[in-house]
Amino acid sequence: MTRPTQRSVVLMFPGTGAQHPRMAAGLYRREPVFTAAVDAVLGELGAEGEAVRADWLADVPAVPLEADARSAPLLFAVDYAVGRLVESWGVRPAAYVGHSMGEFAAATLAGVFRLEDAVRLLWDRVERQRATPVGGMTAVAAARHEVAGYLGAGVVVGAVNGPRHTVLSGPEAPLRAVEERLASDGRTFRRLATRTPYHSPALAPLVPGGAALVAGMPLSAPRTRLYSAYTAGPLREREALAPAFWAAQPTAPVLFWQTLDRVLRDDDRLLVEAGPSHSLSVLARSHPAVRSGGSTVAATLPPRAQGPRADRLSLRALRAWLRAEGALPVPPGPGHSGTLPVELPLS
């Protein structure tokens, strides 16, 4: 018998920039629930999904993971599959929170979208992005107000990830000019692994078509609390059911720090990063509520590709941590991670 936990579980889903070659590949064909969920996502893409899977598992992919046609479906698939896997152990999250693409995966797990509709919208965005300007995103070690003088010519604040962690987004030439100014001013910055200026006006052409597509989809209020990083609070039913809310996300800034602050203000939490990399874990560990010990953080996977065994060891460590915290009520059987609870269908 496990001791009851005083801290509720929140699954955090990373977004663009968290992807890396062979992320979570060590779980594929070894963890049945994870494998089935990845296959369910990629299966919706037909032959293209087969190509995505081949590049994901290849030592040298034919199409690099930085390409939208690979990073978007793979990041969504891994986030979604890791969420399914953790829940298959018997974990019942009190809430979800996602960053960029991660919010889309969270909304699918929460039942706002059917899986097939989520994948259709995701791929529609990938195809429409082919016609948008090449650009990127640059993380700057500065507060939002400190980067105000660098904005303009299409360069905007794409995300606020921490008190001194702001991401700029925009078309390539203006963004590179901003990076030159940052360098000359002695600012610390890093270009993220994407050639698309997410969360900027450059993606405005995606919005009308996306709204029309979502308008034809059956949407539902989230069955588990979902904190939106676009509103910095729990997603309300009217927002969940509004096509315009989802269609505008490619152009809207991600307010992750403000959202995390609300998540941690509402309760003491066991924060679990359900996806590749440690990007959200690192941010969460710097929050006062975590530093004080009221809430705590763990990641599902290694921070970068370290081989299949490292993926499995990291997952095993997470499972042991959840059990020690009283959040894993029934130990899984030997050799597998369990099966999906019947009340949580795949789509």
# chains A, B, ... in the order shown; residues from 1 in each chain; ligands from 1
$ residues_around --residues "region 300-317 of chain A" --least-positions-apart "6" --cutoff "9 Å" --atoms "only C-alpha atoms" --output "MDAnalysis selection string"
chainID A and resid 18:27 30 82 86 272:279
$ residues_around --residues "Arg130 (chain A)" --least-positions-apart "6" --cutoff "12 Å" --atoms "only C-alpha atoms" --output "number ranges by chain"
A: 67-69, 123-124, 195-197, 202-203, 205-206
$ write_last_selection --atoms "N, CA and C atoms" --output "PDB file, in the first residue's frame"
ATOM      1  N   ALA A  67      13.406  20.130 -39.965  1.00  0.00           N
ATOM      2  CA  ALA A  67      12.362  20.438 -40.934  1.00  0.00           C
ATOM      3  C   ALA A  67      10.992  20.292 -40.282  1.00  0.00           C
ATOM      4  N   ASP A  68      10.078  21.225 -40.586  1.00  0.00           N
ATOM      5  CA  ASP A  68       8.744  21.187 -39.989  1.00  0.00           C
ATOM      6  C   ASP A  68       8.044  19.860 -40.243  1.00  0.00           C
ATOM      7  N   ALA A  69       8.276  19.264 -41.431  1.00  0.00           N
ATOM      8  CA  ALA A  69       7.609  18.020 -41.784  1.00  0.00           C
ATOM      9  C   ALA A  69       8.079  16.852 -40.930  1.00  0.00           C
ATOM     10  N   TRP A 123      -0.928  18.643 -39.514  1.00  0.00           N
ATOM     11  CA  TRP A 123      -0.334  18.494 -40.848  1.00  0.00           C
ATOM     12  C   TRP A 123      -0.765  19.625 -41.783  1.00  0.00           C
ATOM     13  N   ASP A 124      -1.978  20.124 -41.604  1.00  0.00           N
ATOM     14  CA  ASP A 124      -2.416  21.281 -42.392  1.00  0.00           C
ATOM     15  C   ASP A 124      -1.501  22.478 -42.137  1.00  0.00           C
ATOM     16  N   ARG A 195      13.512  26.524 -38.297  1.00  0.00           N
ATOM     17  CA  ARG A 195      13.655  27.555 -39.331  1.00  0.00           C
ATOM     18  C   ARG A 195      12.311  28.214 -39.617  1.00  0.00           C
ATOM     19  N   THR A 196      11.382  28.059 -38.687  1.00  0.00           N
ATOM     20  CA  THR A 196      10.058  28.674 -38.810  1.00  0.00           C
ATOM     21  C   THR A 196       9.871  29.691 -37.693  1.00  0.00           C
ATOM     22  N   PRO A 197       9.423  30.907 -38.027  1.00  0.00           N
ATOM     23  CA  PRO A 197       9.218  31.934 -36.989  1.00  0.00           C
ATOM     24  C   PRO A 197       7.884  31.755 -36.268  1.00  0.00           C
ATOM     25  N   ALA A 202       4.503  36.477 -38.941  1.00  0.00           N
ATOM     26  CA  ALA A 202       4.884  35.823 -40.196  1.00  0.00           C
ATOM     27  C   ALA A 202       3.990  34.627 -40.506  1.00  0.00           C
ATOM     28  N   LEU A 203       3.366  34.056 -39.472  1.00  0.00           N
ATOM     29  CA  LEU A 203       2.508  32.896 -39.681  1.00  0.00           C
ATOM     30  C   LEU A 203       1.023  33.264 -39.766  1.00  0.00           C
ATOM     31  N   PRO A 205      -0.775  33.978 -42.298  1.00  0.00           N
ATOM     32  CA  PRO A 205      -1.515  33.292 -43.370  1.00  0.00           C
ATOM     33  C   PRO A 205      -2.086  31.936 -42.968  1.00  0.00           C
ATOM     34  N   LEU A 206      -1.603  31.341 -41.879  1.00  0.00           N
ATOM     35  CA  LEU A 206      -2.127  30.055 -41.435  1.00  0.00           C
ATOM     36  C   LEU A 206      -3.481  30.177 -40.747  1.00  0.00           C
TER      37      LEU A 206
END
$ residues_around --residues "Ala242 (chain A)" --least-positions-apart "5" --cutoff "10 Å" --atoms "only C-alpha atoms" --output "mmCIF file with all heavy atoms, in the first residue's frame"
data_model
loop_
_atom_site.group_PDB
_atom_site.id
_atom_site.type_symbol
_atom_site.label_atom_id
_atom_site.label_comp_id
_atom_site.auth_asym_id
_atom_site.auth_seq_id
_atom_site.Cartn_x
_atom_site.Cartn_y
_atom_site.Cartn_z
ATOM 1 N N ALA A 211 -8.720 28.176 -38.962
ATOM 2 C CA ALA A 211 -10.021 28.406 -38.326
ATOM 3 C C ALA A 211 -11.126 27.662 -39.068
ATOM 4 O O ALA A 211 -12.023 27.069 -38.450
ATOM 5 C CB ALA A 211 -10.318 29.898 -38.282
ATOM 6 N N VAL A 214 -10.771 23.865 -38.195
ATOM 7 C CA VAL A 214 -11.206 23.527 -36.835
ATOM 8 C C VAL A 214 -12.719 23.675 -36.704
ATOM 9 O O VAL A 214 -13.358 22.930 -35.945
ATOM 10 C CB VAL A 214 -10.478 24.399 -35.792
ATOM 11 C CG1 VAL A 214 -10.954 24.065 -34.379
ATOM 12 C CG2 VAL A 214 -8.978 24.197 -35.881
ATOM 13 N N ALA A 215 -13.301 24.610 -37.440
ATOM 14 C CA ALA A 215 -14.753 24.818 -37.362
ATOM 15 C C ALA A 215 -15.526 23.563 -37.754
ATOM 16 O O ALA A 215 -16.678 23.380 -37.324
ATOM 17 C CB ALA A 215 -15.158 25.996 -38.245
ATOM 18 N N LEU A 219 -15.347 19.645 -31.112
ATOM 19 C CA LEU A 219 -14.499 20.015 -29.984
ATOM 20 C C LEU A 219 -15.246 19.776 -28.673
ATOM 21 O O LEU A 219 -16.473 19.855 -28.635
ATOM 22 C CB LEU A 219 -14.090 21.493 -30.075
ATOM 23 C CG LEU A 219 -13.342 21.915 -31.341
ATOM 24 C CD1 LEU A 219 -13.088 23.427 -31.317
ATOM 25 C CD2 LEU A 219 -12.037 21.161 -31.489
ATOM 26 N N SER A 220 -14.494 19.503 -27.622
ATOM 27 C CA SER A 220 -15.102 19.256 -26.315
ATOM 28 C C SER A 220 -14.377 20.052 -25.243
ATOM 29 O O SER A 220 -13.205 20.414 -25.414
ATOM 30 C CB SER A 220 -15.020 17.768 -25.956
ATOM 31 O OG SER A 220 -15.691 16.977 -26.909
ATOM 32 N N GLU A 237 -14.234 26.644 -21.033
ATOM 33 C CA GLU A 237 -14.976 25.879 -22.038
ATOM 34 C C GLU A 237 -15.180 26.683 -23.315
ATOM 35 O O GLU A 237 -15.033 26.173 -24.422
ATOM 36 C CB GLU A 237 -16.331 25.425 -21.478
ATOM 37 C CG GLU A 237 -17.124 24.581 -22.458
ATOM 38 C CD GLU A 237 -18.393 24.006 -21.859
ATOM 39 O OE1 GLU A 237 -18.629 24.239 -20.656
ATOM 40 O OE2 GLU A 237 -19.135 23.311 -22.583
ATOM 41 N N ALA A 247 -6.819 28.359 -33.897
ATOM 42 C CA ALA A 247 -6.235 28.809 -35.161
ATOM 43 C C ALA A 247 -5.212 29.915 -34.967
ATOM 44 O O ALA A 247 -4.250 30.032 -35.735
ATOM 45 C CB ALA A 247 -7.344 29.287 -36.099
#
$ residues_around --residues "Gly152 (chain A)" --least-positions-apart "2" --cutoff "10 Å" --atoms "only C-alpha atoms" --output "list in words"
Ala148, Gly149, Tyr150, Gly154, Val155, Val156, Val157, Gly170, Pro174, Leu175 and Val178 of chain A
$ write_last_selection --atoms "N, CA, C and O atoms" --output "PDB file, in the first residue's frame"
ATOM      1  N   ALA A 148      12.735  44.971 -25.516  1.00  0.00           N
ATOM      2  CA  ALA A 148      11.804  45.831 -26.255  1.00  0.00           C
ATOM      3  C   ALA A 148      12.501  46.626 -27.350  1.00  0.00           C
ATOM      4  O   ALA A 148      11.959  46.813 -28.449  1.00  0.00           O
ATOM      5  N   GLY A 149      13.719  47.078 -27.092  1.00  0.00           N
ATOM      6  CA  GLY A 149      14.441  47.880 -28.080  1.00  0.00           C
ATOM      7  C   GLY A 149      14.936  47.101 -29.272  1.00  0.00           C
ATOM      8  O   GLY A 149      15.402  47.701 -30.257  1.00  0.00           O
ATOM      9  N   TYR A 150      14.843  45.776 -29.228  1.00  0.00           N
ATOM     10  CA  TYR A 150      15.302  44.946 -30.346  1.00  0.00           C
ATOM     11  C   TYR A 150      14.163  44.524 -31.270  1.00  0.00           C
ATOM     12  O   TYR A 150      14.406  43.873 -32.289  1.00  0.00           O
ATOM     13  N   GLY A 154       9.174  42.861 -38.011  1.00  0.00           N
ATOM     14  CA  GLY A 154       8.663  41.497 -37.982  1.00  0.00           C
ATOM     15  C   GLY A 154       9.177  40.662 -36.831  1.00  0.00           C
ATOM     16  O   GLY A 154       8.682  39.546 -36.604  1.00  0.00           O
ATOM     17  N   VAL A 155      10.165  41.152 -36.092  1.00  0.00           N
ATOM     18  CA  VAL A 155      10.692  40.425 -34.940  1.00  0.00           C
ATOM     19  C   VAL A 155       9.871  40.789 -33.712  1.00  0.00           C
ATOM     20  O   VAL A 155       9.724  41.965 -33.380  1.00  0.00           O
ATOM     21  N   VAL A 156       9.333  39.763 -33.041  1.00  0.00           N
ATOM     22  CA  VAL A 156       8.458  39.975 -31.888  1.00  0.00           C
ATOM     23  C   VAL A 156       8.873  39.033 -30.759  1.00  0.00           C
ATOM     24  O   VAL A 156       9.713  38.148 -30.954  1.00  0.00           O
ATOM     25  N   VAL A 157       8.275  39.238 -29.594  1.00  0.00           N
ATOM     26  CA  VAL A 157       8.450  38.283 -28.498  1.00  0.00           C
ATOM     27  C   VAL A 157       7.564  37.074 -28.791  1.00  0.00           C
ATOM     28  O   VAL A 157       6.340  37.185 -28.841  1.00  0.00           O
ATOM     29  N   GLY A 170      10.961  35.739 -35.687  1.00  0.00           N
ATOM     30  CA  GLY A 170      10.745  36.586 -36.844  1.00  0.00           C
ATOM     31  C   GLY A 170      11.411  36.045 -38.087  1.00  0.00           C
ATOM     32  O   GLY A 170      12.104  35.017 -38.051  1.00  0.00           O
ATOM     33  N   PRO A 174      15.693  39.974 -40.610  1.00  0.00           N
ATOM     34  CA  PRO A 174      15.563  40.842 -39.430  1.00  0.00           C
ATOM     35  C   PRO A 174      16.032  40.163 -38.139  1.00  0.00           C
ATOM     36  O   PRO A 174      16.632  40.819 -37.278  1.00  0.00           O
ATOM     37  N   LEU A 175      15.770  38.851 -38.003  1.00  0.00           N
ATOM     38  CA  LEU A 175      16.190  38.164 -36.785  1.00  0.00           C
ATOM     39  C   LEU A 175      17.713  38.092 -36.703  1.00  0.00           C
ATOM     40  O   LEU A 175      18.292  38.275 -35.628  1.00  0.00           O
ATOM     41  N   VAL A 178      18.979  41.341 -35.539  1.00  0.00           N
ATOM     42  CA  VAL A 178      18.787  41.475 -34.090  1.00  0.00           C
ATOM     43  C   VAL A 178      19.881  40.710 -33.350  1.00  0.00           C
ATOM     44  O   VAL A 178      20.441  41.197 -32.358  1.00  0.00           O
TER      45      VAL A 178
END
$ closest_atom_pairs --of "region 287-319 of chain A" --to "region 254-262 of chain A" --cutoff "10 Å" --atoms "only C-alpha atoms" --output "JSON lines"
{"residue": "A:His287", "atom": "CA", "partner": "A:Asp261", "partner_atom": "CA", "distance": 7.8}
{"residue": "A:Pro288", "atom": "CA", "partner": "A:Asp261", "partner_atom": "CA", "distance": 9.2}
{"residue": "A:Ala289", "atom": "CA", "partner": "A:Asp261", "partner_atom": "CA", "distance": 8.5}
$ select_by_dssp --residues "region 91-287 of chain A" --states "alpha helix (DSSP H)" --output "PDB file with C-alpha atoms, in the first residue's frame"
ATOM      1  CA  MET A 101       3.073  22.379 -29.732  1.00  0.00           C
ATOM      2  CA  GLY A 102       2.935  20.832 -26.262  1.00  0.00           C
ATOM      3  CA  GLU A 103      -0.377  22.555 -25.542  1.00  0.00           C
ATOM      4  CA  PHE A 104      -1.817  20.955 -28.661  1.00  0.00           C
ATOM      5  CA  ALA A 105      -0.730  17.494 -27.429  1.00  0.00           C
ATOM      6  CA  ALA A 106      -2.142  18.281 -23.989  1.00  0.00           C
ATOM      7  CA  ALA A 107      -5.463  19.357 -25.499  1.00  0.00           C
ATOM      8  CA  THR A 108      -5.689  16.053 -27.340  1.00  0.00           C
ATOM      9  CA  LEU A 109      -4.989  14.078 -24.175  1.00  0.00           C
ATOM     10  CA  LEU A 115      -6.638  12.307 -32.221  1.00  0.00           C
ATOM     11  CA  GLU A 116      -7.389  12.092 -35.936  1.00  0.00           C
ATOM     12  CA  ASP A 117      -8.535  15.722 -35.999  1.00  0.00           C
ATOM     13  CA  ALA A 118      -5.481  16.917 -34.072  1.00  0.00           C
ATOM     14  CA  VAL A 119      -3.151  15.212 -36.543  1.00  0.00           C
ATOM     15  CA  ARG A 120      -5.103  16.620 -39.487  1.00  0.00           C
ATOM     16  CA  LEU A 121      -4.801  20.168 -38.115  1.00  0.00           C
ATOM     17  CA  LEU A 122      -1.119  19.670 -37.315  1.00  0.00           C
ATOM     18  CA  TRP A 123      -0.334  18.494 -40.848  1.00  0.00           C
ATOM     19  CA  ASP A 124      -2.416  21.281 -42.392  1.00  0.00           C
ATOM     20  CA  ARG A 125      -0.198  23.762 -40.537  1.00  0.00           C
ATOM     21  CA  VAL A 126       2.950  22.013 -41.741  1.00  0.00           C
ATOM     22  CA  GLU A 127       1.824  22.260 -45.343  1.00  0.00           C
ATOM     23  CA  ARG A 128       0.710  25.883 -45.064  1.00  0.00           C
ATOM     24  CA  GLN A 129       4.016  26.817 -43.411  1.00  0.00           C
ATOM     25  CA  GLU A 172      15.471  35.329 -41.069  1.00  0.00           C
ATOM     26  CA  ALA A 173      17.078  38.618 -42.171  1.00  0.00           C
ATOM     27  CA  PRO A 174      15.563  40.842 -39.430  1.00  0.00           C
ATOM     28  CA  LEU A 175      16.190  38.164 -36.785  1.00  0.00           C
ATOM     29  CA  ARG A 176      19.833  37.809 -37.817  1.00  0.00           C
ATOM     30  CA  ALA A 177      20.210  41.584 -37.632  1.00  0.00           C
ATOM     31  CA  VAL A 178      18.787  41.475 -34.090  1.00  0.00           C
ATOM     32  CA  GLU A 179      21.273  38.734 -33.181  1.00  0.00           C
ATOM     33  CA  GLU A 180      24.135  40.914 -34.421  1.00  0.00           C
ATOM     34  CA  ARG A 181      22.923  43.733 -32.190  1.00  0.00           C
ATOM     35  CA  LEU A 182      22.564  41.362 -29.239  1.00  0.00           C
ATOM     36  CA  ALA A 183      26.121  40.166 -29.763  1.00  0.00           C
ATOM     37  CA  SER A 184      27.491  43.695 -29.990  1.00  0.00           C
ATOM     38  CA  LEU A 206      -2.127  30.055 -41.435  1.00  0.00           C
ATOM     39  CA  VAL A 207      -4.936  31.502 -39.335  1.00  0.00           C
ATOM     40  CA  PRO A 208      -7.944  31.721 -41.734  1.00  0.00           C
ATOM     41  CA  GLY A 209      -7.484  28.223 -43.132  1.00  0.00           C
ATOM     42  CA  GLY A 210      -6.860  26.808 -39.687  1.00  0.00           C
ATOM     43  CA  ALA A 211     -10.021  28.406 -38.326  1.00  0.00           C
ATOM     44  CA  ALA A 212     -12.076  26.968 -41.182  1.00  0.00           C
ATOM     45  CA  LEU A 213     -10.614  23.512 -40.600  1.00  0.00           C
ATOM     46  CA  VAL A 214     -11.206  23.527 -36.835  1.00  0.00           C
ATOM     47  CA  ALA A 215     -14.753  24.818 -37.362  1.00  0.00           C
ATOM     48  CA  GLU A 237     -14.976  25.879 -22.038  1.00  0.00           C
ATOM     49  CA  ARG A 238     -15.762  28.757 -24.388  1.00  0.00           C
ATOM     50  CA  GLU A 239     -12.089  28.969 -25.359  1.00  0.00           C
ATOM     51  CA  ALA A 240     -11.801  25.208 -25.867  1.00  0.00           C
ATOM     52  CA  PRO A 243     -11.973  27.536 -33.553  1.00  0.00           C
ATOM     53  CA  ALA A 244     -10.408  31.021 -33.527  1.00  0.00           C
ATOM     54  CA  PHE A 245      -8.601  30.264 -30.261  1.00  0.00           C
ATOM     55  CA  TRP A 246      -6.767  27.263 -31.735  1.00  0.00           C
ATOM     56  CA  ALA A 247      -6.235  28.809 -35.161  1.00  0.00           C
ATOM     57  CA  PHE A 256       4.859  29.811 -20.179  1.00  0.00           C
ATOM     58  CA  TRP A 257       6.343  31.430 -17.070  1.00  0.00           C
ATOM     59  CA  GLN A 258       3.119  33.213 -16.182  1.00  0.00           C
ATOM     60  CA  THR A 259       1.207  29.969 -16.742  1.00  0.00           C
ATOM     61  CA  LEU A 260       3.634  27.937 -14.632  1.00  0.00           C
ATOM     62  CA  ASP A 261       3.288  30.534 -11.893  1.00  0.00           C
ATOM     63  CA  ARG A 262      -0.492  30.009 -11.905  1.00  0.00           C
ATOM     64  CA  VAL A 263      -0.116  26.197 -11.916  1.00  0.00           C
ATOM     65  CA  LEU A 264       2.143  26.325  -8.860  1.00  0.00           C
ATOM     66  CA  ARG A 265       0.025  28.922  -7.091  1.00  0.00           C
ATOM     67  CA  ASP A 266      -3.047  26.684  -7.313  1.00  0.00           C
ATOM     68  CA  SER A 279      13.610  22.365 -21.348  1.00  0.00           C
ATOM     69  CA  LEU A 280      10.523  22.761 -19.146  1.00  0.00           C
ATOM     70  CA  SER A 281      12.092  20.965 -16.171  1.00  0.00           C
ATOM     71  CA  VAL A 282      14.988  23.421 -16.124  1.00  0.00           C
ATOM     72  CA  LEU A 283      12.578  26.357 -16.185  1.00  0.00           C
ATOM     73  CA  ALA A 284      10.348  24.863 -13.483  1.00  0.00           C
ATOM     74  CA  ARG A 285      13.274  24.158 -11.130  1.00  0.00           C
TER      75      ARG A 285
END
$ residues_around --residues "Thr138 (chain A)" --least-positions-apart "4" --cutoff "7 Å" --atoms "only C-alpha atoms" --output "PyMOL selection string"
chain A and resi 167-169+189-192
$ write_last_selection --atoms "N, CA and C atoms" --output "compact mmCIF listing (two decimals), in the first residue's frame"
# COMPACT_ATOMS: atom_id res chain seq x y z
N VAL A 167 12.08 34.61 -25.66
CA VAL A 167 12.36 34.10 -27.00
C VAL A 167 11.84 35.09 -28.03
N LEU A 168 12.72 35.48 -28.95
CA LEU A 168 12.34 36.34 -30.06
C LEU A 168 12.07 35.49 -31.29
N SER A 169 11.16 35.95 -32.13
CA SER A 169 10.79 35.21 -33.33
C SER A 169 10.58 36.17 -34.48
N PHE A 189 22.60 34.81 -26.02
CA PHE A 189 21.44 34.32 -26.77
C PHE A 189 21.80 33.02 -27.47
N ARG A 190 20.75 32.31 -27.91
CA ARG A 190 20.94 31.04 -28.59
C ARG A 190 19.83 30.83 -29.60
N ARG A 191 20.19 30.49 -30.83
CA ARG A 191 19.19 30.19 -31.86
C ARG A 191 18.59 28.80 -31.59
N LEU A 192 17.27 28.71 -31.65
CA LEU A 192 16.59 27.43 -31.43
C LEU A 192 16.58 26.60 -32.72
$ closest_atom_pairs --of "region 165-272 of chain A" --to "region 4-15 of chain A" --cutoff "6 Å" --atoms "only C-alpha atoms" --output "CSV"
residue,atom,partner,partner_atom,distance
A:Asp268,CA,A:Arg7,CA,5.0
A:Arg269,CA,A:Arg7,CA,4.7
A:Leu270,CA,A:Val9,CA,4.6
A:Leu271,CA,A:Val10,CA,5.0
A:Val272,CA,A:Leu11,CA,4.9
$ residues_around --residues "Pro222 (chain A)" --least-positions-apart "3" --cutoff "6 Å" --atoms "only C-alpha atoms" --output "list in words"
Ala110, Gly111 and Val112 of chain A
$ atom_distance --atom1 "CA of Pro163 (chain A)" --atom2 "CA of Ala142 (chain A)"
7.6 Å
